[in-house]
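Here's the structure, in structure tokens; my notes come after.
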Amino acid sequence: MERLAVQTTKHKQIVDITDLVNEHLRSAKKKEGLCHLCILHTTAALTTADLDQGTDLDMLDAFQGMIPKLKYRHPHNPSHVGDHIMSSLIGPSVLLPFEKGKLILGTWQRIVLVELDGLRDRGVVLSLIPS
Amino acid sequence: MERLAVQTTKHKQIVDITDLVNEHLRSAKKKEGLCHLCILHTTAALTTADLDQGTDLDMLDAFQGMIPKLKYRHPHNPSHVGDHIMSSLIGPSVLLPFEKGKLILGTWQRIVLVELDGLRDRGVVLSLIPS
Amino acid sequence: MERLAVQTTKHKQIVDITDLVNEHLRSAKKKEGLCHLCILHTTAALTTADLDQGTDLDMLDAFQGMIPKLKYRHPHNPSHVGDHIMSSLIGPSVLLPFEKGKLILGTWQRIVLVELDGLRDRGVVLSLIPS
């Protein structure tokens, strides 16, 4: 179990962490199995995505537009509750196969950290599972 | 592999099951690894969430408001199909790291069972994975 | 680690892959543990679902209706970006317990491949984890 640190640089941001994860896999003893990544926050999430030009901004716009405009109860800043809700919906973790010290991903598939309330220092726990 | 029973008490409800899971981890032989939770239903889901006061109700309102108002085909009660759809979208399982017999979670992060068609007895399968 | 091939036959489609997965589990050496499935694409996703008559089409309609109608930047065909976004939101993988060479699922629960931009040959990586 290792902790990765990811510094986001914008208020809303899709951060491609594929290379960061592959770097850790390259130096790991286990060469094959499943790689688990889990984010320890409630306004950020992990998933995989296509990052063709502009698609990161499209995703952020869509995620924001998806939240119904309702009278929310969340304290201090009710309009900010959408960030918590999208984070729960996207989910806090991904589990992906790797072999020969490298993630197995589709041609266009990248691992992304979805920052919904940055900029912040985000913590991600990486665990390797034999399979 | 163990089965946890969770009784929901409302028709729509966010149930914090973090303490229930930590209780099982405390008495488990494995002290470190990944904890997998999987719900065996199609109108309930598992994820992590911020549970600041009122946020549970905000989430339920948002989940319901997110489902487009369309002419659905689902038999018996078509308006109920949104519960199935949100359950598929949130997802049936979470996988989270633990150490020293306790979940590793962010400061505000809780494991929640999202009840979309209660009140019911819900079954959750807990499995521990070495990592 | 094994690769399953799934050929989708429609542009938008919910494909029930439960029997395909159970077939692999029946002939696997590991009889108990967790079964991980990961799709290697950015316009398809995996989850569990209720498949009562017509519910597959309801899901597809809801997923499409959920994407806000905005001016997107995705190259070539911006309207197609919703397929990428729903694929990231539903998620690329599922992890489910199995015992006696068979998935543990709820009565109505099926594993589904959500095809958002078919028809295509889709690749799914299956890994078994001891627990």
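Convention: chains lettered A, B, ... in structure tokens order; per-chain residue numbering from 1; ligands numbered from 1 as shown.
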Identify all chain B residues at most 12 Å from chain C by counting only C-alpha atoms; ligands do not count. Present them as a PyMOL selection string.
chain B and resi 1-3+30+33-45+63-95+122-131
For Gly118 in chain B, work out the shell of residues within 9 Å, counting only C-alpha atoms and skipping chain neighbours fewer than 6 positions away, then give it as number ranges by chain.
B: 7-13, 43-44
Taking the DSSP assignment computed from this structure's backbone, write out as number ranges by chain all residues of chain C that belong to alpha helix (DSSP H).
C: 18-26, 55-66, 81-90
With N, CA and C atoms kept, could you save the residues just selected as a tab-separated table (two decimals), in the first residue's frame?
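Final output, selection_21.tsv:
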chain	number	residue	atom	x	y	z
C	18	THR	N	-23.92	-12.12	-17.89
C	18	THR	CA	-23.87	-12.98	-16.69
C	18	THR	C	-23.54	-14.43	-17.04
C	19	ASP	N	-24.23	-14.98	-18.04
C	19	ASP	CA	-24.02	-16.40	-18.38
C	19	ASP	C	-22.60	-16.62	-18.92
C	20	LEU	N	-22.12	-15.69	-19.71
C	20	LEU	CA	-20.75	-15.77	-20.25
C	20	LEU	C	-19.73	-15.82	-19.11
C	21	VAL	N	-19.93	-14.98	-18.10
C	21	VAL	CA	-19.00	-14.95	-16.96
C	21	VAL	C	-19.12	-16.24	-16.15
C	22	ASN	N	-20.34	-16.68	-15.89
C	22	ASN	CA	-20.53	-17.91	-15.12
C	22	ASN	C	-19.92	-19.13	-15.82
C	23	GLU	N	-19.98	-19.14	-17.13
C	23	GLU	CA	-19.35	-20.21	-17.92
C	23	GLU	C	-17.84	-20.27	-17.64
C	24	HIS	N	-17.21	-19.11	-17.60
C	24	HIS	CA	-15.77	-19.06	-17.30
C	24	HIS	C	-15.49	-19.49	-15.87
C	25	LEU	N	-16.35	-19.09	-14.95
C	25	LEU	CA	-16.14	-19.45	-13.55
C	25	LEU	C	-16.29	-20.96	-13.35
C	26	ARG	N	-17.22	-21.57	-14.08
C	26	ARG	CA	-17.46	-23.01	-13.95
C	26	ARG	C	-16.21	-23.81	-14.26
C	55	THR	N	-36.61	-2.83	-19.55
C	55	THR	CA	-35.77	-2.00	-18.68
C	55	THR	C	-34.43	-1.66	-19.34
C	56	ASP	N	-33.96	-2.54	-20.22
C	56	ASP	CA	-32.72	-2.24	-20.95
C	56	ASP	C	-32.88	-0.99	-21.81
C	57	LEU	N	-34.00	-0.88	-22.50
C	57	LEU	CA	-34.26	0.29	-23.35
C	57	LEU	C	-34.51	1.53	-22.48
C	58	ASP	N	-35.18	1.35	-21.34
C	58	ASP	CA	-35.38	2.47	-20.40
C	58	ASP	C	-34.04	3.04	-19.94
C	59	MET	N	-33.11	2.14	-19.59
C	59	MET	CA	-31.78	2.58	-19.14
C	59	MET	C	-31.09	3.40	-20.21
C	60	LEU	N	-31.12	2.90	-21.44
C	60	LEU	CA	-30.44	3.59	-22.53
C	60	LEU	C	-31.05	4.96	-22.77
C	61	ASP	N	-32.38	5.03	-22.72
C	61	ASP	CA	-33.06	6.33	-22.89
C	61	ASP	C	-32.67	7.30	-21.76
C	62	ALA	N	-32.68	6.78	-20.54
C	62	ALA	CA	-32.35	7.64	-19.39
C	62	ALA	C	-30.90	8.12	-19.47
C	63	PHE	N	-29.98	7.22	-19.82
C	63	PHE	CA	-28.56	7.60	-19.90
C	63	PHE	C	-28.38	8.72	-20.94
C	64	GLN	N	-29.09	8.59	-22.06
C	64	GLN	CA	-28.96	9.60	-23.11
C	64	GLN	C	-29.62	10.92	-22.67
C	65	GLY	N	-30.76	10.81	-22.00
C	65	GLY	CA	-31.49	12.01	-21.59
C	65	GLY	C	-30.81	12.77	-20.45
C	66	MET	N	-29.92	12.08	-19.75
C	66	MET	CA	-29.26	12.65	-18.58
C	66	MET	C	-28.16	13.65	-18.95
C	81	VAL	N	-19.96	13.06	-27.54
C	81	VAL	CA	-19.19	13.09	-26.29
C	81	VAL	C	-19.99	12.53	-25.12
C	82	GLY	N	-21.31	12.60	-25.20
C	82	GLY	CA	-22.15	12.03	-24.14
C	82	GLY	C	-21.88	10.54	-23.92
C	83	ASP	N	-21.52	9.84	-24.98
C	83	ASP	CA	-21.21	8.41	-24.86
C	83	ASP	C	-19.96	8.21	-24.00
C	84	HIS	N	-18.96	9.06	-24.21
C	84	HIS	CA	-17.74	9.00	-23.38
C	84	HIS	C	-18.07	9.36	-21.92
C	85	ILE	N	-18.89	10.37	-21.74
C	85	ILE	CA	-19.18	10.83	-20.39
C	85	ILE	C	-19.98	9.78	-19.60
C	86	MET	N	-20.99	9.18	-20.24
C	86	MET	CA	-21.76	8.14	-19.53
C	86	MET	C	-20.89	6.93	-19.26
C	87	SER	N	-19.97	6.62	-20.17
C	87	SER	CA	-19.07	5.50	-19.96
C	87	SER	C	-18.17	5.74	-18.73
C	88	SER	N	-17.68	6.97	-18.57
C	88	SER	CA	-16.87	7.31	-17.39
C	88	SER	C	-17.71	7.28	-16.11
C	89	LEU	N	-18.97	7.68	-16.23
C	89	LEU	CA	-19.84	7.78	-15.06
C	89	LEU	C	-20.30	6.39	-14.58
C	90	ILE	N	-20.68	5.55	-15.52
C	90	ILE	CA	-21.09	4.18	-15.15
C	90	ILE	C	-19.87	3.42	-14.64
From B:Val15, B:Lys29, B:Leu4, B:Lys100, residue lying nearest Leu113 in chain B [only C-alpha atoms]:
B:Val15
